[in-house]
Amino acid sequence: MFTSSEDMDTDEGGVIKQFMFVNRKAPYGTIYALEGLEVVLISAAFEQDVSMAFIDDGVYELKKAQDTKAIEQKNFSPTYRALEGYDIEKLYVEKESLEARGLTEADLLVDVIVLDRAEMAAKMAEQDVLISF
Amino acid sequence: MFTSSEDMDTDEGGVIKQFMFVNRKAPYGTIYALEGLEVVLISAAFEQDVSMAFIDDGVYELKKAQDTKAIEQKNFSPTYRALEGYDIEKLYVEKESLEARGLTEADLLVDVIVLDRAEMAAKMAEQDVLISF
Amino acid sequence: MLHIVNKSPYERNSLESCLRLATNGSAVLLIEDGIYGATKGGSFEGKVQAAMAGVKIYVLGPDLSARGMADRVIDGVNVVDYGGFVDLVAEHSNCQSWL
Amino acid sequence: MLHIVNKSPYERNSLESCLRLATNGSAVLLIEDGIYGATKGGSFEGKVQAAMAGVKIYVLGPDLSARGMADRVIDGVNVVDYGGFVDLVAEHSNCQSWL
Amino acid sequence: MKIGVLVNEGPYTHEASDSAYQFTKAAIEKGHEIYRVFFYHDGVNNSTRLTEPPRDDRNIVSRWSELAKAHSLDLVVCIAAAQRRGIMDENEAKRQGKDAHNLADGFRISGLGQLVEAGIQCDRLVTFGD
Amino acid sequence: MKIGVLVNEGPYTHEASDSAYQFTKAAIEKGHEIYRVFFYHDGVNNSTRLTEPPRDDRNIVSRWSELAKAHSLDLVVCIAAAQRRGIMDENEAKRQGKDAHNLADGFRISGLGQLVEAGIQCDRLVTFGD
């Protein structure tokens with residue numbers, strides 16, 4: 001699923017931009033979380049300063065214990081654990097979004113950086129490129 | 001736009017059911033209001049007991065003074081006024097939805113029956129078929 | 001009457017509108033992203049708890065498990081599979097999907 | 001920073017989340033069904049009024065007129081056309097669409 | 001019991017088509033009659049035979065085709081919605097002067113009246129969408 | 001200024017494609033360079049030449065084709081998203097063993113890297129979607 005290698009030309013003349021992929025949707029109900037991950041993985045080949053933000057229902061993407069057998073969709077949640085291997089290590093999760101949903105860091109399947117709303121807002125504001133799903 | 005005449009076979013053996021088309025989406029941002037109207041108009045040919053419910057952002061569909069020139073979409077709001085000619089006269093609008101949006105009956109482009117939430121709930125419960133957009 | 005809700009109550013107003021317009025004695029089935037409405041600990045739980053005085057709440061197990069929420073179901077909410085979904089449709093004389 | 005919101009605040013949480021995460025001095029442009037967030041008299045107006053202390057609110061005129069809401073704009077909200085939309089994008093160093 | 005199913009969203013992007021498929025399969029297993037599955041709005045996009053999902057993913061279109069074949073299901077695609085979105089059978093393509101068509105096996109294109117008629121004929125009509 | 005545009009929803013169902021088109025046209029009129037319009041998720045459905053909207057409605061697909069022709073726009077359709085949803089050019093159809101293709105004039109199919117590259121090359125990237 002994540003093996004596409006088209007357009008891997010990374011010779012962009014050394015420009016390094018801050019890219020943030022903003023995830024606000026729950027998994028499986030819509031495809032945005034999955035196709036969002038596909039962009040994130042491709043972006044790793046371009047040697048940019050990449051981060052992901054998980055806000056609102058986007059925090060559900062990281063919930064442990066996903067088991068999709070009965071809905072016959074592919075469980076793509078292990079991919080979040082593979083991001084480290086792509087040097088994508090900045091996974092920011094908004095504290096207020098977690099709390100509103102009764103979740104804690106212990107519920108998440110990967111190590112994240114929890115930011116409160118002010119910190120998250122500041123982090124978003126400093127990006128060069130924000131792509132939202 | 002509303003002239004399709006496929007499958008106008010109305011010989012259904014005299015069954016008359018209560019059909020309610022439930023409109024909960026604003027116009028133009030999505031196509032549901034427009035394509036919903038297309039079903040409503042077709043249903044008129046089947047001599048059923050047809051009504052429409054306008055709940056939540058669906059009440060915006062009936063707002064006066066729609067002018068779509070600048071977004072280059074077709075203004076389909078006059079169609080609501082044509083419904084009477086199809087004997088579709090039961091347009092139910094939820095009072096609470098209007099109020100939450102700061103609208104009154106005077107803002108609507110067609111005569112409607114305003115129901116409070118309890119009346120609307122009872123009306124929905126008595127239907128045979130509900131189709132929601 | 002059976003009400004079907006497939007949206008997260010944190011993202012959209014569907015479940016809130018459904019609960020506002022469901023008559024006493026009707027049933028509400030939560031599917032797809034709607035399953036989050038059946039889970040414990042979040043800020044929407046209180047509204048669902050309050051609604052349970054008048055309506056029966058069901059949640060689709062396959063969608064719960066997919067999202068890793070199978071062990072978070074609010075007490076008193078009934079978990080069903082697709083067969084149970086079909087039974088709910090058959091048992092109630094009409095249904096409305098809150099899209 | 002420019003925030004773009006295209007959803008009704010009565011249907012989704014997009015505008016509320018945007019206002020929660022917009023830093024002081026940033027701009028918010030309401031387009032498509034998002035324009036209802038810029039209109040007077042509804043239950044969301046207070047939140048927008050409060051936000052205007054910290055952020056500038058813009059609304060897309062073509063989408064307002066399409067929905068018959070051109071005469072309902074909250075005082076202090078700026079109406080722009082597609083050209084003004086482009087200018088807002090150019091004037092701010094980055095932008096985020098709250099889909 | 002006679003059941004009608006309405007599918008309002010396309011494949012993959014929303015879970016609606018998956019849910020409708022699982023519901024339909026379960027209803028058949030329970031002995032109910034699926035009178036018709038009607039595809040409206042973006043739901044018409046479930047009927048293109050040109051999809052080619054990743055090998056490790058479900059094939060939503062052919063899954064519908066196969067279910068239709070196995071149980072003689074009536075899968076109806078709304079003509080007006082299909083025209084807006086680029087779904088054509090051979091006849092429509094000819095009529096519209098198009099050089100290609102893409103309707104998958106087991107689907108047929110017809111009018112919205114087929115949805116209303118399903119509402120009249122069926123004991124229940126269940127909607128799946130966004 | 002160099003501007004990139006990302007379109008995430010298909011034609012007609014959501015206003016996203018309309019807004020993206022009006023924005024792109026206005027940006028060109030203001031003298032900006034549209035570096036690329038990238039179609040992702042259901043946005044790939046904007047690129048099928050098989051649509052046939054009602055005569056009194058806008059033709060979203062050919063409007064994009066014409067704008068591309070008039071201003072040499074680069075309209076790129078994501079290959080992975082296109083395969084899931086049944087959008088094929090002649091090459092892809094051959095490669096996948098499909099008997100038809102439906103890509104409209106002025107669009108080309110390519111990889112997701114083209115989106116990231118647009119993010120790097122452009123001064124601004126604006127997203128339209130649901």
# chains A, B, ... in the order shown; residues from 1 in each chain; ligands from 1

call {"tool": "residues_around", "arguments": {"residues": "Ala70 (chain E)", "least_positions_apart": "6", "cutoff": "12 Å", "atoms": "only C-alpha atoms", "output": "PyMOL selection string"}}
result
chain E and resi 25+28+63-64+106

call {"tool": "calpha_fit_and_write", "arguments": {"fixed": "chain A", "moving": "chain B", "output": "CSV table (one decimal) with C-alpha atoms, in the first residue's frame"}}
result
chain,number,residue,atom,x,y,z
B,1,MET,CA,0.1,0.0,0.0
B,2,PHE,CA,2.8,2.5,0.8
B,3,THR,CA,5.4,1.6,-1.8
B,4,SER,CA,4.7,4.0,-4.6
B,5,SER,CA,7.9,5.5,-5.9
B,6,GLU,CA,6.8,8.0,-8.5
B,7,ASP,CA,8.3,11.4,-8.5
B,8,MET,CA,10.9,10.7,-5.9
B,9,ASP,CA,13.1,13.4,-7.3
B,10,THR,CA,14.4,15.1,-4.2
B,11,ASP,CA,16.8,17.5,-5.9
B,12,GLU,CA,15.0,20.7,-4.9
B,13,GLY,CA,18.1,22.8,-4.6
B,14,GLY,CA,18.5,22.4,-0.9
B,15,VAL,CA,15.3,24.3,0.2
B,16,ILE,CA,14.1,23.0,3.5
B,17,LYS,CA,10.6,23.9,4.5
B,18,GLN,CA,8.5,23.2,7.5
B,19,PHE,CA,5.6,20.9,6.5
B,20,MET,CA,2.8,20.2,8.8
B,21,PHE,CA,0.2,17.6,8.0
B,22,VAL,CA,-2.9,18.3,10.1
B,23,ASN,CA,-5.1,15.4,10.9
B,24,ARG,CA,-8.6,16.2,12.2
B,25,LYS,CA,-10.7,13.1,11.1
B,26,ALA,CA,-11.3,9.8,12.7
B,27,PRO,CA,-10.0,6.7,10.9
B,28,TYR,CA,-12.1,4.3,8.7
B,29,GLY,CA,-15.3,6.5,8.5
B,30,THR,CA,-13.5,8.4,5.8
B,31,ILE,CA,-10.3,7.7,3.9
B,32,TYR,CA,-8.6,11.0,4.8
B,33,ALA,CA,-6.4,9.5,7.6
B,34,LEU,CA,-5.1,6.7,5.3
B,35,GLU,CA,-4.5,8.8,2.2
B,36,GLY,CA,-3.1,11.5,4.5
B,37,LEU,CA,-0.5,9.0,5.7
B,38,GLU,CA,0.4,8.2,2.1
B,39,VAL,CA,1.4,11.9,1.5
B,40,VAL,CA,3.4,12.0,4.8
B,41,LEU,CA,5.4,8.9,3.8
B,42,ILE,CA,6.1,10.3,0.3
B,43,SER,CA,7.2,13.6,1.9
B,44,ALA,CA,9.9,11.8,3.8
B,45,ALA,CA,11.8,11.4,0.6
B,46,PHE,CA,12.1,15.1,0.1
B,47,GLU,CA,14.2,15.8,3.2
B,48,GLN,CA,11.9,18.5,4.5
B,49,ASP,CA,11.2,19.4,8.1
B,50,VAL,CA,8.0,17.3,8.5
B,51,SER,CA,5.6,17.1,11.4
B,52,MET,CA,2.1,15.8,12.0
B,53,ALA,CA,-0.6,17.5,14.1
B,54,PHE,CA,-3.5,15.5,15.6
B,55,ILE,CA,-6.4,17.7,16.5
B,56,ASP,CA,-10.1,17.0,17.2
B,57,ASP,CA,-11.1,13.5,16.0
B,58,GLY,CA,-7.7,13.1,14.4
B,59,VAL,CA,-6.4,11.9,17.8
B,60,TYR,CA,-8.6,8.8,17.4
B,61,GLU,CA,-6.2,7.8,14.5
B,62,LEU,CA,-3.6,7.0,17.2
B,63,LYS,CA,-5.8,4.9,19.4
B,64,LYS,CA,-4.4,1.5,20.4
B,65,ALA,CA,-6.1,-1.8,19.7
B,66,GLN,CA,-7.6,-1.1,16.3
B,67,ASP,CA,-9.0,-4.3,14.8
B,68,THR,CA,-10.6,-3.9,11.4
B,69,LYS,CA,-11.3,-7.5,10.5
B,70,ALA,CA,-15.0,-7.3,10.9
B,71,ILE,CA,-15.3,-4.2,8.6
B,72,GLU,CA,-13.0,-5.8,6.0
B,73,GLN,CA,-10.8,-2.7,5.8
B,74,LYS,CA,-7.1,-2.7,6.1
B,75,ASN,CA,-5.8,-1.8,9.6
B,76,PHE,CA,-3.3,1.0,8.8
B,77,SER,CA,-2.6,2.0,12.4
B,78,PRO,CA,0.8,0.1,12.5
B,79,THR,CA,2.0,2.6,9.9
B,80,TYR,CA,2.1,5.3,12.6
B,81,ARG,CA,4.7,3.2,14.4
B,82,ALA,CA,6.7,2.9,11.2
B,83,LEU,CA,7.0,6.7,10.8
B,84,GLU,CA,10.1,6.8,13.0
B,85,GLY,CA,11.9,4.7,10.4
B,86,TYR,CA,11.2,7.5,7.9
B,87,ASP,CA,12.6,10.1,10.3
B,88,ILE,CA,9.1,11.5,10.9
B,89,GLU,CA,9.3,11.9,14.7
B,90,LYS,CA,7.3,15.1,15.4
B,91,LEU,CA,3.8,13.9,16.1
B,92,TYR,CA,2.0,16.7,17.9
B,93,VAL,CA,-1.2,15.9,19.7
B,94,GLU,CA,-3.5,18.6,21.1
B,95,LYS,CA,-4.1,18.1,24.8
B,96,GLU,CA,-7.6,19.6,24.8
B,97,SER,CA,-8.7,17.3,21.9
B,98,LEU,CA,-7.5,14.2,23.9
B,99,GLU,CA,-9.2,15.3,27.1
B,100,ALA,CA,-12.5,16.1,25.4
B,101,ARG,CA,-12.6,12.5,24.2
B,102,GLY,CA,-11.6,10.9,27.5
B,103,LEU,CA,-8.2,9.7,26.1
B,104,THR,CA,-4.7,9.9,27.6
B,105,GLU,CA,-1.3,9.4,26.2
B,106,ALA,CA,-1.4,5.8,27.5
B,107,ASP,CA,-4.2,5.1,25.0
B,108,LEU,CA,-2.0,6.0,22.0
B,109,LEU,CA,-0.1,3.5,20.0
B,110,VAL,CA,3.0,5.6,19.4
B,111,ASP,CA,5.0,8.2,21.4
B,112,VAL,CA,3.8,11.7,20.8
B,113,ILE,CA,4.4,15.2,21.9
B,114,VAL,CA,1.4,16.6,23.7
B,115,LEU,CA,0.9,20.3,23.3
B,116,ASP,CA,-1.8,22.5,24.8
B,117,ARG,CA,-3.8,24.7,22.6
B,118,ALA,CA,-1.6,27.7,22.8
B,119,GLU,CA,1.6,25.6,22.0
B,120,MET,CA,-0.2,23.9,19.1
B,121,ALA,CA,-1.4,27.3,17.8
B,122,ALA,CA,2.2,28.6,17.9
B,123,LYS,CA,3.5,25.5,16.2
B,124,MET,CA,1.0,25.8,13.4
B,125,ALA,CA,1.7,29.5,12.9
B,126,GLU,CA,5.4,28.9,12.3
B,127,GLN,CA,4.9,26.4,9.5
B,128,ASP,CA,5.7,27.1,5.8
B,129,VAL,CA,3.2,24.6,4.5
B,130,LEU,CA,0.1,23.2,6.1
B,131,ILE,CA,-1.8,20.3,4.5
B,132,SER,CA,-5.0,19.4,6.2
B,133,PHE,CA,-7.0,16.2,6.0

call {"tool": "select_by_dssp", "arguments": {"residues": "region 5-121 of chain E", "states": "strand (DSSP E)", "output": "number ranges by chain"}}
result
E: 5-7, 33-39, 75-78, 107-110

call {"tool": "atom_distance", "arguments": {"atom1": "CA of Ala16 (chain E)", "atom2": "CA of His41 (chain E)"}}
result
12.1 Å

call {"tool": "closest_residue", "arguments": {"among": "C:Leu15, C:Leu21, C:Ala38, C:Ile31", "to": "Asp71 (chain C)", "atoms": "only C-alpha atoms"}}
result
C:Ala38

call {"tool": "atom_distance", "arguments": {"atom1": "CA of Ser26 (chain C)", "atom2": "CA of His92 (chain C)"}}
result
8.5 Å

call {"tool": "select_by_dssp", "arguments": {"residues": "region 30-118 of chain F", "states": "alpha helix (DSSP H)", "output": "ChimeraX atom specification"}}
result
/F:60-71,79-85,90-96,113-118

call {"tool": "write_last_selection", "arguments": {"atoms": "N, CA, C and O atoms", "output": "tab-separated table (two decimals), in the first residue's frame"}}
result
chain	number	residue	atom	x	y	z
F	60	ILE	N	-18.01	21.42	-14.97
F	60	ILE	CA	-16.84	21.61	-14.11
F	60	ILE	C	-15.57	21.04	-14.74
F	60	ILE	O	-14.52	21.67	-14.71
F	61	VAL	N	-15.70	19.87	-15.34
F	61	VAL	CA	-14.50	19.24	-15.91
F	61	VAL	C	-13.96	20.05	-17.09
F	61	VAL	O	-12.77	20.39	-17.13
F	62	SER	N	-14.84	20.41	-18.03
F	62	SER	CA	-14.31	21.10	-19.21
F	62	SER	C	-13.87	22.52	-18.86
F	62	SER	O	-12.99	23.08	-19.51
F	63	ARG	N	-14.46	23.10	-17.81
F	63	ARG	CA	-14.02	24.41	-17.34
F	63	ARG	C	-12.56	24.35	-16.89
F	63	ARG	O	-11.76	25.25	-17.20
F	64	TRP	N	-12.18	23.29	-16.18
F	64	TRP	CA	-10.77	23.11	-15.78
F	64	TRP	C	-9.90	22.89	-17.02
F	64	TRP	O	-8.81	23.48	-17.14
F	65	SER	N	-10.37	22.04	-17.95
F	65	SER	CA	-9.58	21.77	-19.16
F	65	SER	C	-9.30	23.06	-19.92
F	65	SER	O	-8.17	23.30	-20.38
F	66	GLU	N	-10.35	23.90	-20.03
F	66	GLU	CA	-10.20	25.14	-20.80
F	66	GLU	C	-9.27	26.13	-20.10
F	66	GLU	O	-8.46	26.80	-20.75
F	67	LEU	N	-9.40	26.22	-18.79
F	67	LEU	CA	-8.51	27.12	-18.04
F	67	LEU	C	-7.06	26.66	-18.18
F	67	LEU	O	-6.14	27.48	-18.34
F	68	ALA	N	-6.87	25.35	-18.17
F	68	ALA	CA	-5.51	24.80	-18.32
F	68	ALA	C	-4.94	25.15	-19.69
F	68	ALA	O	-3.78	25.54	-19.81
F	69	LYS	N	-5.79	25.04	-20.71
F	69	LYS	CA	-5.34	25.31	-22.06
F	69	LYS	C	-4.99	26.80	-22.23
F	69	LYS	O	-3.96	27.15	-22.79
F	70	ALA	N	-5.86	27.65	-21.70
F	70	ALA	CA	-5.67	29.09	-21.87
F	70	ALA	C	-4.44	29.60	-21.14
F	70	ALA	O	-3.81	30.57	-21.57
F	71	HIS	N	-4.07	28.96	-20.02
F	71	HIS	CA	-2.98	29.49	-19.19
F	71	HIS	C	-1.88	28.47	-18.94
F	71	HIS	O	-1.10	28.63	-18.01
F	79	ILE	N	-2.03	9.45	-8.84
F	79	ILE	CA	-2.23	8.12	-9.44
F	79	ILE	C	-2.85	7.13	-8.46
F	79	ILE	O	-3.75	6.37	-8.83
F	80	ALA	N	-2.41	7.13	-7.21
F	80	ALA	CA	-2.93	6.15	-6.26
F	80	ALA	C	-4.41	6.41	-5.99
F	80	ALA	O	-5.23	5.49	-5.96
F	81	ALA	N	-4.75	7.69	-5.79
F	81	ALA	CA	-6.15	8.05	-5.54
F	81	ALA	C	-7.01	7.76	-6.77
F	81	ALA	O	-8.17	7.34	-6.67
F	82	ALA	N	-6.44	7.98	-7.96
F	82	ALA	CA	-7.17	7.76	-9.21
F	82	ALA	C	-7.46	6.27	-9.42
F	82	ALA	O	-8.57	5.90	-9.84
F	83	GLN	N	-6.50	5.43	-9.11
F	83	GLN	CA	-6.72	3.98	-9.28
F	83	GLN	C	-7.85	3.50	-8.38
F	83	GLN	O	-8.69	2.71	-8.80
F	84	ARG	N	-7.88	3.96	-7.13
F	84	ARG	CA	-8.96	3.55	-6.22
F	84	ARG	C	-10.33	3.94	-6.76
F	84	ARG	O	-11.33	3.30	-6.49
F	85	ARG	N	-10.37	5.06	-7.49
F	85	ARG	CA	-11.68	5.63	-7.84
F	85	ARG	C	-12.06	5.49	-9.31
F	85	ARG	O	-13.11	5.98	-9.74
F	90	GLU	N	-4.78	6.59	-20.95
F	90	GLU	CA	-4.62	5.48	-21.88
F	90	GLU	C	-3.51	4.53	-21.42
F	90	GLU	O	-3.68	3.30	-21.44
F	91	ASN	N	-2.40	5.10	-20.97
F	91	ASN	CA	-1.28	4.27	-20.51
F	91	ASN	C	-1.65	3.39	-19.33
F	91	ASN	O	-1.35	2.21	-19.30
F	92	GLU	N	-2.29	4.01	-18.33
F	92	GLU	CA	-2.68	3.29	-17.13
F	92	GLU	C	-3.66	2.16	-17.49
F	92	GLU	O	-3.58	1.06	-16.95
F	93	ALA	N	-4.61	2.48	-18.37
F	93	ALA	CA	-5.60	1.48	-18.77
F	93	ALA	C	-4.89	0.27	-19.38
F	93	ALA	O	-5.22	-0.88	-19.07
F	94	LYS	N	-3.90	0.54	-20.23
F	94	LYS	CA	-3.15	-0.54	-20.86
F	94	LYS	C	-2.42	-1.34	-19.79
F	94	LYS	O	-2.49	-2.56	-19.73
F	95	ARG	N	-1.74	-0.62	-18.91
F	95	ARG	CA	-0.93	-1.27	-17.87
F	95	ARG	C	-1.80	-2.14	-16.95
F	95	ARG	O	-1.37	-3.19	-16.48
F	96	GLN	N	-3.03	-1.67	-16.68
F	96	GLN	CA	-3.90	-2.40	-15.75
F	96	GLN	C	-4.83	-3.37	-16.47
F	96	GLN	O	-5.68	-3.99	-15.84
F	113	GLY	N	4.32	12.71	-5.03
F	113	GLY	CA	5.51	13.55	-4.89
F	113	GLY	C	5.30	14.92	-5.53
F	113	GLY	O	5.87	15.92	-5.10
F	114	GLN	N	4.44	14.96	-6.54
F	114	GLN	CA	4.13	16.23	-7.22
F	114	GLN	C	3.42	17.22	-6.30
F	114	GLN	O	3.50	18.42	-6.50
F	115	LEU	N	2.71	16.69	-5.30
F	115	LEU	CA	2.06	17.57	-4.32
F	115	LEU	C	3.12	18.13	-3.36
F	115	LEU	O	3.15	19.33	-3.09
F	116	VAL	N	3.97	17.26	-2.86
F	116	VAL	CA	5.02	17.71	-1.93
F	116	VAL	C	5.94	18.71	-2.64
F	116	VAL	O	6.31	19.75	-2.08
F	117	GLU	N	6.28	18.38	-3.88
F	117	GLU	CA	7.15	19.27	-4.64
F	117	GLU	C	6.51	20.64	-4.83
F	117	GLU	O	7.17	21.67	-4.73
F	118	ALA	N	5.19	20.66	-5.06
F	118	ALA	CA	4.49	21.94	-5.17
F	118	ALA	C	4.58	22.71	-3.86
F	118	ALA	O	4.76	23.93	-3.84

call {"tool": "closest_atom_pairs", "arguments": {"of": "chain D", "to": "chain B", "cutoff": "8 Å", "atoms": "only C-alpha atoms", "output": "CSV"}}
result
residue,atom,partner,partner_atom,distance
D:Ser8,CA,B:Asp57,CA,7.9
D:Tyr10,CA,B:Asp57,CA,7.1
D:Glu11,CA,B:Asp57,CA,7.0
D:Glu32,CA,B:Gly29,CA,5.4
D:Asp33,CA,B:Gly29,CA,5.3
D:Lys40,CA,B:Gly102,CA,7.1
D:Gly41,CA,B:Gly102,CA,4.3
D:Gly42,CA,B:Arg101,CA,3.9
D:Ser43,CA,B:Ala100,CA,5.2
D:Pro62,CA,B:Ala70,CA,5.1
D:Asp63,CA,B:Ile71,CA,6.7
D:Ser65,CA,B:Asp67,CA,5.3
D:Ala66,CA,B:Thr68,CA,4.1
D:Arg67,CA,B:Gln66,CA,5.0
D:Gly68,CA,B:Gln66,CA,4.0
D:Met69,CA,B:Gln66,CA,7.7

call {"tool": "write_last_selection", "arguments": {"atoms": "N, CA, C and O atoms", "output": "mmCIF file, in the first residue's frame"}}
result
data_model
loop_
_atom_site.group_PDB
_atom_site.id
_atom_site.type_symbol
_atom_site.label_atom_id
_atom_site.label_comp_id
_atom_site.auth_asym_id
_atom_site.auth_seq_id
_atom_site.Cartn_x
_atom_site.Cartn_y
_atom_site.Cartn_z
ATOM 1 N N SER D 8 -20.391 25.167 7.970
ATOM 2 C CA SER D 8 -21.298 25.854 8.874
ATOM 3 C C SER D 8 -20.941 25.528 10.321
ATOM 4 O O SER D 8 -20.736 24.357 10.652
ATOM 5 N N TYR D 10 -22.878 25.479 12.660
ATOM 6 C CA TYR D 10 -24.002 24.764 13.260
ATOM 7 C C TYR D 10 -23.958 23.272 12.929
ATOM 8 O O TYR D 10 -24.597 22.473 13.584
ATOM 9 N N GLU D 11 -23.186 22.930 11.882
ATOM 10 C CA GLU D 11 -23.116 21.522 11.482
ATOM 11 C C GLU D 11 -21.848 20.842 11.986
ATOM 12 O O GLU D 11 -21.872 19.678 12.352
ATOM 13 N N GLU D 32 -17.835 29.201 1.345
ATOM 14 C CA GLU D 32 -18.827 28.133 1.167
ATOM 15 C C GLU D 32 -19.830 28.150 2.337
ATOM 16 O O GLU D 32 -20.286 29.210 2.736
ATOM 17 N N ASP D 33 -20.164 26.977 2.894
ATOM 18 C CA ASP D 33 -21.118 26.956 4.008
ATOM 19 C C ASP D 33 -20.542 27.596 5.268
ATOM 20 O O ASP D 33 -21.271 27.806 6.249
ATOM 21 N N LYS D 40 -25.404 37.419 11.462
ATOM 22 C CA LYS D 40 -26.003 37.923 12.699
ATOM 23 C C LYS D 40 -27.202 37.103 13.160
ATOM 24 O O LYS D 40 -27.914 36.530 12.342
ATOM 25 N N GLY D 41 -27.442 37.118 14.462
ATOM 26 C CA GLY D 41 -28.714 36.655 14.985
ATOM 27 C C GLY D 41 -28.747 35.205 15.420
ATOM 28 O O GLY D 41 -29.668 34.787 16.124
ATOM 29 N N GLY D 42 -27.772 34.416 15.003
ATOM 30 C CA GLY D 42 -27.771 33.003 15.367
ATOM 31 C C GLY D 42 -27.044 32.749 16.674
ATOM 32 O O GLY D 42 -26.408 33.646 17.238
ATOM 33 N N SER D 43 -27.117 31.520 17.155
ATOM 34 C CA SER D 43 -26.544 31.192 18.454
ATOM 35 C C SER D 43 -25.024 31.143 18.433
ATOM 36 O O SER D 43 -24.392 31.109 19.482
ATOM 37 N N PRO D 62 -19.358 36.242 -2.703
ATOM 38 C CA PRO D 62 -20.121 35.381 -3.620
ATOM 39 C C PRO D 62 -20.867 34.259 -2.890
ATOM 40 O O PRO D 62 -22.017 33.947 -3.231
ATOM 41 N N ASP D 63 -20.244 33.656 -1.869
ATOM 42 C CA ASP D 63 -20.922 32.588 -1.130
ATOM 43 C C ASP D 63 -22.020 33.118 -0.204
ATOM 44 O O ASP D 63 -23.024 32.439 0.043
ATOM 45 N N SER D 65 -23.896 35.860 -0.904
ATOM 46 C CA SER D 65 -25.024 36.223 -1.767
ATOM 47 C C SER D 65 -25.764 34.987 -2.251
ATOM 48 O O SER D 65 -26.997 34.972 -2.320
ATOM 49 N N ALA D 66 -25.012 33.949 -2.597
ATOM 50 C CA ALA D 66 -25.640 32.723 -3.089
ATOM 51 C C ALA D 66 -26.653 32.224 -2.074
ATOM 52 O O ALA D 66 -27.730 31.748 -2.435
ATOM 53 N N ARG D 67 -26.332 32.359 -0.792
ATOM 54 C CA ARG D 67 -27.174 31.822 0.272
ATOM 55 C C ARG D 67 -28.166 32.854 0.821
ATOM 56 O O ARG D 67 -28.823 32.596 1.834
ATOM 57 N N GLY D 68 -28.247 33.994 0.168
ATOM 58 C CA GLY D 68 -29.222 34.994 0.606
ATOM 59 C C GLY D 68 -28.893 35.626 1.942
ATOM 60 O O GLY D 68 -29.782 36.086 2.655
ATOM 61 N N MET D 69 -27.613 35.690 2.313
ATOM 62 C CA MET D 69 -27.237 36.194 3.626
ATOM 63 C C MET D 69 -26.411 37.486 3.546
ATOM 64 O O MET D 69 -25.805 37.896 4.543
#

call {"tool": "atom_distance", "arguments": {"atom1": "CA of Ala90 (chain C)", "atom2": "CA of Thr24 (chain E)"}}
result
12.9 Å
